[in-house]
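Student: Here you go, this is query28.cif (mmCIF, C-alpha atoms).
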```
data_coords
loop_
_atom_site.label_atom_id
_atom_site.label_comp_id
_atom_site.auth_asym_id
_atom_site.auth_seq_id
_atom_site.Cartn_x
_atom_site.Cartn_y
_atom_site.Cartn_z
CA MET A 145 60.86 9.86 -3.81
CA GLN A 146 59.69 12.08 -1.00
CA HIS A 147 58.72 10.51 2.37
CA LEU A 148 57.39 11.68 5.76
CA THR A 149 58.45 10.83 9.25
CA LEU A 150 55.90 9.18 11.52
CA LEU A 151 55.86 12.24 13.76
CA LEU A 152 55.12 14.48 10.80
CA LEU A 153 52.39 12.13 9.57
CA ASN A 154 50.78 12.03 13.01
CA SER A 155 50.99 15.80 13.25
CA LEU A 156 49.12 16.08 9.96
CA VAL A 157 46.47 13.68 11.28
CA ARG A 158 46.13 15.70 14.49
CA GLU A 159 45.75 18.97 12.55
CA THR A 160 43.19 17.36 10.26
CA ILE A 161 41.12 16.04 13.17
CA GLU A 162 41.30 19.31 15.05
CA LEU A 163 40.16 21.18 11.93
CA GLY A 164 37.52 18.61 10.93
CA LEU A 165 36.09 17.91 14.44
CA PRO A 166 36.61 21.18 16.27
CA GLY A 167 33.75 21.02 18.80
CA ASP A 168 32.17 18.79 21.47
CA TYR A 169 29.70 16.03 20.61
CA TRP A 170 27.13 14.15 22.66
CA VAL A 171 27.44 10.43 21.90
CA GLU A 172 25.31 7.51 23.06
CA ALA A 173 27.25 4.31 23.79
CA GLU A 174 27.49 1.27 26.02
CA LEU A 175 30.40 0.80 28.40
CA SER A 176 32.24 -2.46 27.81
CA GLU A 177 35.07 -1.63 30.21
CA VAL A 178 35.63 1.01 32.93
CA ARG A 179 38.76 1.45 35.01
CA GLU A 180 40.32 4.18 37.14
CA ARG A 181 44.04 4.84 37.36
CA GLY A 182 45.84 7.83 38.78
CA GLY A 183 42.61 9.75 39.23
CA HIS A 184 41.73 9.38 35.53
CA CYS A 185 38.95 7.19 34.12
CA TYR A 186 39.56 5.01 31.06
CA MET A 187 36.59 3.65 29.15
CA GLU A 188 35.96 1.29 26.26
CA LEU A 189 32.82 2.19 24.30
CA VAL A 190 30.77 -0.12 22.06
CA GLN A 191 27.60 0.06 20.01
CA LYS A 192 25.76 -3.26 19.54
CA ASP A 193 23.50 -4.48 16.80
CA ASP A 194 19.86 -4.44 17.94
CA THR A 195 19.11 -7.92 16.60
CA GLU A 196 22.24 -9.97 17.34
CA ALA A 197 23.70 -7.84 20.17
CA LEU A 198 27.09 -7.89 18.44
CA PRO A 199 29.40 -4.83 18.47
CA VAL A 200 29.20 -2.77 15.31
CA ALA A 201 31.47 0.04 16.57
CA ARG A 202 34.22 0.42 19.18
CA ALA A 203 36.19 3.34 20.61
CA SER A 204 38.36 4.31 23.54
CA ALA A 205 37.57 7.26 25.76
CA LYS A 206 39.30 9.04 28.61
CA CYS A 207 38.09 11.40 31.30
CA TRP A 208 40.99 13.33 32.77
CA ARG A 209 41.31 13.85 36.49
CA SER A 210 40.17 17.49 36.42
CA ALA A 211 36.87 16.58 34.76
CA TRP A 212 36.43 13.16 36.42
CA ALA A 213 36.55 14.73 39.89
CA LEU A 214 33.36 16.64 39.00
CA VAL A 215 31.60 14.20 36.67
CA ARG A 216 31.77 11.10 38.88
CA PRO A 217 30.12 12.42 42.12
CA HIS A 218 27.39 14.16 40.13
CA PHE A 219 26.60 10.99 38.17
CA GLU A 220 26.52 8.77 41.28
CA ARG A 221 24.44 11.25 43.26
CA VAL A 222 21.77 11.40 40.56
CA THR A 223 21.69 7.74 39.49
CA GLY A 224 22.63 6.10 42.80
CA GLU A 225 25.13 3.92 40.91
CA SER A 226 28.69 4.09 39.67
CA LEU A 227 29.76 3.54 36.10
CA ARG A 228 29.98 -0.17 35.29
CA PRO A 229 30.28 -2.38 32.22
CA GLY A 230 26.98 -2.92 30.42
CA MET A 231 25.63 0.52 31.35
CA LYS A 232 24.38 2.81 28.62
CA VAL A 233 25.65 6.40 28.89
CA LEU A 234 25.39 9.71 27.08
CA LEU A 235 28.87 11.30 26.95
CA GLN A 236 30.04 14.75 25.92
CA VAL A 237 33.30 14.20 24.07
CA HIS A 238 35.74 15.88 21.74
CA ALA A 239 38.26 14.25 19.48
CA GLN A 240 41.93 14.22 20.40
CA PHE A 241 44.91 12.81 18.55
CA HIS A 242 48.29 12.68 20.18
CA GLU A 243 51.41 11.99 18.15
CA ALA A 244 52.71 9.53 20.75
CA TYR A 245 49.49 7.99 22.11
CA GLY A 246 47.14 7.93 19.15
CA PHE A 247 43.46 8.81 18.88
CA SER A 248 40.89 8.87 21.72
CA TRP A 249 37.69 10.58 22.68
CA ILE A 250 38.08 12.92 25.64
CA VAL A 251 35.05 12.90 27.98
CA THR A 252 34.15 16.26 29.46
CA ASP A 253 30.68 15.45 30.84
CA ILE A 254 28.19 12.57 31.34
CA ASP A 255 24.42 13.05 31.35
CA PRO A 256 23.05 11.01 34.31
CA THR A 257 19.42 11.52 33.27
CA PHE A 258 20.02 9.45 30.12
CA THR A 259 21.40 6.57 32.19
CA LEU A 260 18.51 6.93 34.62
CA GLY A 261 16.10 6.60 31.73
CA ASP A 262 17.87 3.53 30.43
CA MET A 263 17.92 1.99 33.90
CA ALA A 264 14.22 2.76 34.29
CA ARG A 265 13.52 1.22 30.88
CA ARG A 266 15.39 -1.92 31.89
CA ARG A 267 13.51 -2.09 35.20
CA GLN A 268 10.23 -1.69 33.36
CA GLU A 269 11.21 -4.49 30.99
CA VAL A 270 12.06 -6.78 33.92
CA VAL A 271 8.77 -5.90 35.64
CA ARG A 272 6.87 -6.59 32.42
CA ARG A 273 8.55 -10.00 32.09
CA LEU A 274 7.73 -10.89 35.69
CA LYS A 275 4.10 -9.93 35.27
CA GLU A 276 3.84 -11.91 32.04
CA GLU A 277 5.24 -14.95 33.87
CA GLY A 278 2.61 -14.46 36.57
CA VAL A 279 5.14 -14.33 39.44
CA PHE A 280 5.26 -10.62 40.22
CA ASP A 281 2.92 -10.83 43.25
CA LEU A 282 3.62 -14.44 44.32
CA ASN A 283 5.78 -13.58 47.31
CA LYS A 284 3.38 -10.86 48.46
CA GLU A 285 0.60 -13.46 48.59
CA LEU A 286 2.48 -15.55 51.16
CA HIS A 287 1.30 -15.31 54.77
CA LEU A 288 3.90 -14.11 57.23
CA SER A 289 3.56 -16.17 60.40
CA PRO A 290 2.26 -14.08 63.32
CA PHE A 291 4.95 -15.81 65.41
CA ALA A 292 7.81 -15.21 62.92
CA ASN A 293 11.01 -15.15 64.97
CA ARG A 294 13.28 -17.57 63.06
CA VAL A 295 14.97 -15.26 60.57
CA ALA A 296 17.34 -16.14 57.72
CA VAL A 297 19.43 -13.07 56.87
CA ILE A 298 21.24 -12.62 53.54
CA SER A 299 23.96 -10.03 53.95
CA SER A 300 27.71 -9.58 54.13
CA ASP A 301 29.19 -10.48 57.49
CA GLY A 302 30.86 -7.12 58.13
CA ALA A 303 28.04 -4.91 56.89
CA ALA A 304 27.03 -2.21 59.34
CA GLY A 305 23.41 -2.76 58.37
CA TYR A 306 23.57 -6.39 59.47
CA GLY A 307 24.94 -5.31 62.86
CA ASP A 308 22.20 -2.69 63.21
CA PHE A 309 19.55 -5.27 62.31
CA CYS A 310 20.76 -7.80 64.91
CA ASN A 311 21.13 -5.11 67.59
CA GLN A 312 17.60 -3.83 66.94
CA LEU A 313 16.15 -7.33 67.37
CA ALA A 314 18.23 -8.14 70.46
CA THR A 315 17.36 -4.92 72.32
CA ASN A 316 13.65 -4.73 71.52
CA THR A 317 11.67 -3.25 74.41
CA TYR A 318 9.18 -6.13 74.55
CA GLY A 319 11.74 -8.84 75.32
CA PHE A 320 10.90 -10.90 72.23
CA ASN A 321 13.44 -13.58 71.33
CA PHE A 322 14.64 -13.90 67.73
CA SER A 323 16.82 -16.58 66.15
CA VAL A 324 18.96 -15.02 63.41
CA THR A 325 21.00 -17.12 60.94
CA LEU A 326 23.35 -15.31 58.54
CA PHE A 327 23.83 -16.53 54.96
CA GLN A 328 26.93 -14.74 53.71
CA ALA A 329 26.63 -13.04 50.31
CA THR A 330 28.28 -10.32 48.25
CA MET A 331 25.81 -7.43 48.23
CA GLN A 332 27.31 -5.16 45.55
CA GLY A 333 29.42 -5.41 42.44
CA ALA A 334 29.44 -7.83 39.54
CA GLN A 335 29.23 -10.91 41.78
CA ALA A 336 26.25 -9.72 43.85
CA GLU A 337 23.50 -11.28 41.71
CA ARG A 338 25.01 -14.78 41.67
CA SER A 339 26.05 -14.61 45.34
CA ILE A 340 22.57 -13.59 46.57
CA ILE A 341 20.90 -16.32 44.48
CA GLU A 342 23.29 -18.90 45.97
CA ALA A 343 22.38 -17.65 49.47
CA LEU A 344 18.66 -18.00 48.66
CA ASN A 345 19.28 -21.58 47.50
CA ALA A 346 21.08 -22.31 50.77
CA VAL A 347 18.10 -20.99 52.76
CA ASN A 348 15.74 -23.06 50.62
CA ALA A 349 17.72 -26.21 51.46
CA GLY A 350 16.80 -25.76 55.15
CA LEU A 351 13.39 -24.20 54.60
CA ASP A 352 11.64 -25.69 57.65
CA ALA A 353 14.06 -23.97 60.04
CA PHE A 354 12.95 -20.42 59.13
CA ASP A 355 9.83 -18.25 59.10
CA CYS A 356 11.08 -15.56 56.69
CA VAL A 357 14.12 -14.21 54.79
CA VAL A 358 15.56 -10.72 55.22
CA VAL A 359 17.88 -9.29 52.53
CA ILE A 360 20.06 -6.59 54.08
CA ARG A 361 22.42 -4.18 52.41
CA GLY A 362 23.51 -1.26 54.51
CA GLY A 363 26.56 0.59 55.67
CA GLY A 364 28.35 0.45 52.30
CA ALA A 365 28.33 2.64 49.24
CA THR A 366 24.95 3.65 47.91
CA SER A 367 26.06 2.97 44.34
CA ASP A 368 26.11 -0.21 42.27
CA LEU A 369 22.63 -1.50 43.09
CA SER A 370 22.07 -2.93 39.64
CA ALA A 371 22.00 -6.53 40.96
CA PHE A 372 18.67 -5.79 42.63
CA ASP A 373 17.14 -4.90 39.26
CA SER A 374 18.22 -8.12 37.55
CA LEU A 375 15.60 -10.50 36.16
CA ALA A 376 17.24 -13.64 37.58
CA LEU A 377 17.40 -12.34 41.16
CA ALA A 378 13.87 -10.90 40.97
CA GLU A 379 12.52 -14.27 39.73
CA ASN A 380 14.21 -16.08 42.62
CA VAL A 381 12.75 -13.66 45.18
CA ALA A 382 9.28 -13.71 43.62
CA ASN A 383 9.17 -17.53 43.57
CA PHE A 384 10.73 -18.04 47.01
CA PRO A 385 8.49 -20.15 49.31
CA LEU A 386 9.07 -17.94 52.38
CA PRO A 387 8.17 -14.24 52.77
CA VAL A 388 11.14 -12.09 51.72
CA ILE A 389 11.72 -8.76 53.46
CA THR A 390 14.17 -6.29 51.92
CA GLY A 391 16.16 -3.73 53.84
CA ILE A 392 18.57 -2.63 51.14
CA GLY A 393 19.02 0.83 52.59
CA HIS A 394 18.62 3.25 49.69
CA GLU A 395 16.29 6.17 49.11
CA ARG A 396 16.08 6.13 45.31
CA ASP A 397 13.29 4.49 43.34
CA GLU A 398 12.37 0.99 44.35
CA SER A 399 14.48 -1.79 42.89
CA VAL A 400 12.72 -4.67 41.17
CA VAL A 401 13.60 -6.93 44.12
CA ASP A 402 11.84 -4.43 46.41
CA MET A 403 8.81 -4.58 44.14
CA VAL A 404 8.45 -8.37 44.16
CA ALA A 405 9.40 -8.91 47.81
CA HIS A 406 6.75 -9.57 50.46
CA THR A 407 7.66 -6.38 52.36
CA ARG A 408 10.05 -3.53 51.60
CA ALA A 409 11.77 -1.70 54.43
CA LYS A 410 13.97 1.29 53.66
CA THR A 411 16.75 0.30 56.06
CA PRO A 412 17.92 -2.80 57.96
CA THR A 413 16.70 -1.31 61.23
CA ALA A 414 13.29 -0.70 59.65
CA ALA A 415 13.21 -4.39 58.62
CA ALA A 416 13.97 -5.38 62.23
CA ALA A 417 11.26 -3.00 63.47
CA PHE A 418 8.79 -4.63 61.07
CA LEU A 419 9.49 -8.07 62.56
CA ILE A 420 9.24 -6.70 66.10
CA ASP A 421 5.93 -4.99 65.28
CA ASN A 422 4.63 -8.25 63.78
CA LEU A 423 5.27 -10.08 67.08
CA LYS A 424 3.91 -7.13 69.06
CA LEU A 425 0.69 -7.24 67.02
CA THR A 426 0.41 -10.96 67.76
CA ALA A 427 1.06 -10.38 71.46
CA ASP A 428 -1.57 -7.63 71.52
CA ARG A 429 -4.11 -9.91 69.82
CA ILE A 430 -3.37 -12.68 72.30
CA GLU A 431 -3.72 -10.28 75.22
CA ALA A 432 -6.98 -8.93 73.78
CA ALA A 433 -8.28 -12.47 73.35
CA ARG A 434 -7.22 -13.32 76.92
CA ALA A 435 -8.98 -10.26 78.29
CA ALA A 436 -12.11 -10.98 76.22
CA LEU A 437 -12.11 -14.61 77.37
CA ALA A 438 -11.67 -13.63 81.01
CA SER A 439 -14.48 -11.07 80.73
CA SER A 440 -16.75 -13.61 79.05
CA VAL A 441 -16.04 -16.18 81.75
CA ARG A 442 -16.76 -13.65 84.49
CA ARG A 443 -20.07 -12.69 82.87
CA ARG A 444 -21.02 -16.31 82.48
CA MET A 445 -20.13 -17.09 86.08
CA ASP A 446 -22.22 -14.15 87.30
CA PHE A 447 -25.15 -15.30 85.18
CA GLU A 448 -24.87 -18.89 86.42
CA ARG A 449 -24.57 -17.70 90.03
CA LEU A 450 -27.81 -15.74 89.72
CA ARG A 451 -29.52 -18.68 88.04
CA LEU A 452 -28.39 -21.04 90.80
CA GLU A 453 -29.70 -18.63 93.42
CA ARG A 454 -33.11 -18.52 91.73
CA VAL A 455 -33.16 -22.31 91.35
CA SER A 456 -32.08 -22.88 94.95
CA GLY A 457 -34.94 -20.65 96.15
CA ARG A 458 -37.44 -22.77 94.25
CA ILE A 459 -36.04 -26.11 95.39
CA PRO A 460 -38.06 -26.51 98.68
CA ALA A 461 -41.39 -25.89 96.99
CA LEU A 462 -40.45 -28.05 94.06
CA PHE A 463 -39.25 -30.78 96.40
CA SER A 464 -42.53 -30.79 98.31
CA LEU A 465 -44.51 -30.96 95.08
CA VAL A 466 -42.33 -33.73 93.69
CA LYS A 467 -42.49 -35.64 97.00
CA ALA A 468 -46.28 -35.47 97.06
CA ARG A 469 -46.48 -36.64 93.46
CA GLN A 470 -44.09 -39.49 94.11
CA ASP A 471 -45.93 -40.55 97.28
CA ALA A 472 -49.19 -40.67 95.35
CA ARG A 473 -47.51 -42.60 92.58
CA LEU A 474 -46.02 -45.09 95.07
CA ASP A 475 -49.44 -45.57 96.74
CA GLY A 476 -51.03 -46.28 93.39
CA LEU A 477 -48.24 -48.72 92.52
CA ALA A 478 -48.68 -50.50 95.89
CA VAL A 479 -52.42 -50.95 95.31
CA ARG A 480 -51.82 -52.24 91.80
CA LEU A 481 -49.12 -54.59 93.08
CA ARG A 482 -51.35 -56.07 95.79
CA THR A 483 -54.24 -56.55 93.36
CA SER A 484 -51.92 -58.14 90.80
CA VAL A 485 -50.34 -60.50 93.37
CA ALA A 486 -53.76 -61.61 94.67
CA ALA A 487 -54.96 -62.30 91.14
CA ARG A 488 -51.81 -64.25 90.32
CA LEU A 489 -52.11 -66.33 93.51
CA ALA A 490 -55.78 -67.17 92.81
CA ALA A 491 -54.90 -68.23 89.29
CA ALA A 492 -52.03 -70.37 90.59
CA ASP A 493 -54.34 -72.07 93.14
CA ASN A 494 -56.88 -72.90 90.44
CA ARG A 495 -54.15 -74.32 88.24
CA LEU A 496 -52.76 -76.45 91.07
CA ALA A 497 -56.24 -77.84 91.85
CA ALA A 498 -56.75 -78.74 88.21
CA LEU A 499 -53.37 -80.44 88.06
CA LYS A 500 -54.12 -82.39 91.26
CA ALA A 501 -57.39 -83.69 89.81
CA VAL A 502 -55.56 -84.90 86.70
CA LEU A 503 -52.43 -86.28 88.38
CA GLN A 504 -53.95 -88.49 91.13
CA PRO A 505 -55.67 -91.09 88.81
CA ALA A 506 -52.68 -91.12 86.50
CA LEU A 507 -50.30 -91.66 89.42
CA ALA A 508 -52.40 -94.59 90.78
CA ARG A 509 -52.39 -96.27 87.37
CA ARG A 510 -48.64 -95.79 87.03
CA LEU A 511 -47.96 -97.24 90.48
CA MET A 512 -50.07 -100.31 89.74
CA SER A 513 -48.27 -100.86 86.42
CA GLU A 514 -44.83 -100.54 88.01
CA ARG A 515 -45.77 -102.86 90.88
CA HIS A 516 -46.81 -105.56 88.39
CA ARG A 517 -43.56 -105.13 86.43
CA LEU A 518 -41.53 -105.52 89.63
CA GLU A 519 -43.33 -108.78 90.44
CA LEU A 520 -42.45 -110.16 87.00
CA LEU A 521 -38.83 -109.12 87.36
CA SER A 522 -38.71 -110.77 90.79
CA GLN A 523 -39.96 -114.01 89.35
CA ARG A 524 -37.43 -113.95 86.54
CA THR A 525 -34.62 -113.15 88.98
CA ALA A 526 -35.61 -116.07 91.24
CA ALA A 527 -35.68 -118.42 88.26
CA ALA A 528 -32.15 -117.34 87.28
CA ASP A 529 -30.74 -117.89 90.82
CA PRO A 530 -27.59 -120.19 90.58
CA ALA A 531 -28.75 -122.08 93.68
CA HIS A 532 -31.58 -123.59 91.72
CA ILE A 533 -29.20 -124.73 88.99
CA LEU A 534 -26.89 -126.34 91.53
CA LYS A 535 -29.78 -128.20 93.13
CA ARG A 536 -30.37 -129.91 89.77
CA GLY A 537 -26.93 -131.61 90.02
CA TYR A 538 -24.68 -128.99 88.49
CA SER A 539 -21.55 -127.60 90.13
CA VAL A 540 -19.33 -124.49 89.73
CA THR A 541 -15.52 -124.59 89.93
CA LEU A 542 -13.79 -121.39 91.11
CA HIS A 543 -10.17 -120.34 90.97
CA ASN A 544 -9.25 -117.23 92.90
CA GLY A 545 -12.97 -116.45 93.21
CA ARG A 546 -13.60 -116.62 89.43
CA ALA A 547 -15.41 -119.40 87.54
CA VAL A 548 -13.17 -121.79 85.61
CA ARG A 549 -14.40 -122.11 82.05
CA SER A 550 -11.56 -124.19 80.58
CA ALA A 551 -8.98 -126.65 81.97
CA ALA A 552 -6.36 -124.75 79.98
CA ASP A 553 -6.85 -121.81 82.35
CA LEU A 554 -5.33 -123.88 85.22
CA LYS A 555 -1.77 -124.92 85.91
CA GLN A 556 -0.22 -127.51 88.22
CA GLY A 557 -0.45 -126.52 91.85
CA ASP A 558 -3.44 -124.21 91.52
CA THR A 559 -6.06 -124.56 94.29
CA ILE A 560 -9.61 -124.73 93.04
CA GLU A 561 -12.95 -124.71 94.80
CA THR A 562 -16.01 -126.63 93.58
CA ILE A 563 -19.47 -125.59 94.73
CA PHE A 564 -22.35 -128.17 94.66
CA GLY A 565 -26.04 -127.99 95.38
CA LYS A 566 -25.11 -128.90 98.93
CA GLY A 567 -21.64 -127.94 100.15
CA LYS A 568 -18.32 -127.32 98.43
CA ALA A 569 -14.91 -128.99 98.05
CA GLU A 570 -11.30 -127.83 97.49
CA ALA A 571 -8.65 -129.56 95.36
CA VAL A 572 -5.12 -129.03 93.99
CA VAL A 573 -4.45 -129.31 90.25
CA VAL A 574 -1.88 -131.99 89.12
CA LYS A 575 -0.83 -132.97 85.65
CA SER A 576 -2.29 -136.16 84.07
CA GLU A 577 -0.18 -138.45 81.93
CA GLU A 578 -1.38 -136.68 78.76
CA GLY A 579 -0.46 -133.26 80.24
CA THR A 580 -4.04 -132.22 80.93
CA PRO A 581 -4.50 -130.63 84.37
CA LYS A 582 -6.19 -132.99 86.87
CA ALA A 583 -7.46 -132.17 90.33
CA SER A 584 -6.19 -134.11 93.34
CA PRO A 585 -6.87 -133.78 97.00
CA ASN A 586 -5.13 -130.85 98.64
CA PRO A 587 -2.18 -132.42 100.56
CA SER A 588 -1.86 -129.44 102.88
CA LYS A 589 -5.41 -130.14 104.08
CA GLU A 590 -4.95 -133.89 104.64
CA GLY A 591 -6.74 -134.96 101.56
CA ARG A 592 -9.87 -133.71 99.95
CA ARG A 593 -12.17 -131.67 102.12
CA VAL A 594 -15.87 -131.44 101.60
CA GLU A 595 -18.11 -128.95 103.30
CA GLU A 596 -21.82 -129.16 103.41
#
```
Produce structure tokens that represent the structure in this file.

Tutor:
Amino acid sequence: MQHLTLLLLNSLVRETIELGLPGDYWVEAELSEVRERGGHCYMELVQKDDTEALPVARASAKCWRSAWALVRPHFERVTGESLRPGMKVLLQVHAQFHEAYGFSWIVTDIDPTFTLGDMARRRQEVVRRLKEEGVFDLNKELHLSPFANRVAVISSDGAAGYGDFCNQLATNTYGFNFSVTLFQATMQGAQAERSIIEALNAVNAGLDAFDCVVVIRGGGATSDLSAFDSLALAENVANFPLPVITGIGHERDESVVDMVAHTRAKTPTAAAAFLIDNLKLTADRIEAARAALASSVRRRMDFERLRLERVSGRIPALFSLVKARQDARLDGLAVRLRTSVAARLAAADNRLAALKAVLQPALARRLMSERHRLELLSQRTAAADPAHILKRGYSVTLHNGRAVRSAADLKQGDTIETIFGKGKAEAVVVKSEEGTPKASPNPSKEGRRVEE
């Protein structure tokens, strides 16, 4: 049984491939992996199913140092980006089989216009989605405050563009003061999209502290700007509640983020100049309003001064006329007052005379009636005089100046006074054998004393 060595078998394969695929081929593929090592570029190529986006073909490709040194700068200069996973490319390749390393496609050239077309198609798709969602112009419709000086900046801390932006604001010739707060973010590479969105969320958490947001990318490589064409980042910028100003610092076609932002500036310094010009415009409007107000006040004062002069010249004549009118009015009022007072006095005199004629007879009758009533009361008072009662044989017994109505009101030793029709007598109360109080002569007065 004949057999072949592996080297011989691989040599046959190499000869077959070289004979069967002798030329170069342009192939369309998507990069799933790109890495550089030793000046060479190693790629993994895939083709995905249009419906399920699953790989239906895979292959490895290599671009040797001699070709890569020419292909890479040309591609980046035309597209503005470097090769990255997920990018569609059109490669010129030829087949190569090595007995020790196996099969691979050798890349001799890359067509950047194909990638540009694919990038443009993707941007157009993102723009179409944003317009369908109705958010494409949302951020542009926001009103940038005419006093915007509290700026949230999304950039990397060491970016030269961020330093240029801050220096431009700090050294503005008008002396405007700006408050700049940096929100650190990765501005290029695979992590840029997520990092910038996180920075926007951080700004949104302290929304009331800022007037606008500035996204700055400058001073680094001009490649790898794909994050600014992503749908997720563009949606965040379009829906952001503050005006977003971009100063990404590239000269190629606008990114989608530039399109949906409130204002696009080509560079970070241009973004700073935009903010300075916004304050300068406000200052100019204020100054114009101040000048217009001052001019209006001066014109008004001049007009009022002339009016006062004309009025002051007419015052003496007007005063004389008014004085004469008022004197005549006062004279008329005095005559009317005197006539009215005289009429009122005459009426009062007539009323008093009528009242006098009515009151005198009535008063005489009332006095006679009251005099008769007093005589009757006098007679009744005289009849009720206690002296008359005493003269009929009655007496009144007093104790401490008050009439004694019951013997029980007295106790032994009390001094009582008895008043008769003629005279009075004093006595001292003693107890009888039955315990009833009984009067006896007052011993301190040598027996009973009678006064007449």

Student: Written as a list in words, which residues does the PyMOL selection byres ((chain A and resi 155-158) around 12) give for the file shown?

Tutor: Leu148, Thr149, Leu150, Leu151, Leu152, Leu153, Asn154, Glu159, Thr160, Ile161, Glu162, Leu163, Gly164, Leu165, Pro166, Ala239, Gln240, Phe241, His242, Glu243, Ala244, Tyr245, Gly246, Phe247 and Ser248 of chain A

Student: Spell out the residues picked by the PyMOL selection byres ((chain A and resi 297) around 6) here, as a list in words.

Tutor: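 This file, filtered by the PyMOL selection byres ((chain A and resi 297) around 6), leaves Ala296, Ile298, Thr325, Leu326, Phe327, Val357, Val358 and Val359 of chain A.
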
Student: Distance atom CA of A:Ala528-atom CA of A:Phe564, one decimal place?

Tutor: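 Taking atom CA of A:Ala528 as the start and atom CA of A:Phe564 as the end point, the length is 16.4 Å.
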
Student: Rounded to one decimal in Å, what is the spacing between atom CA of A:Ala211 and atom CA of A:Leu369?

Tutor: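 Between these atoms lies a distance of 24.5 Å.
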
Student: Starting from the PyMOL selection byres ((chain A and resi 228) around 10), expand the selection into actual residues of this file and give them as number ranges by chain.

Tutor: A: 174-179, 187, 225-227, 229-232, 333-334, 368, 370

Student: Find the distance between atom CA of A:Ala336 and atom CA of A:Gly391 and write it in Å to one decimal.

Tutor: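 Here the two named atoms are 15.4 Å from each other.
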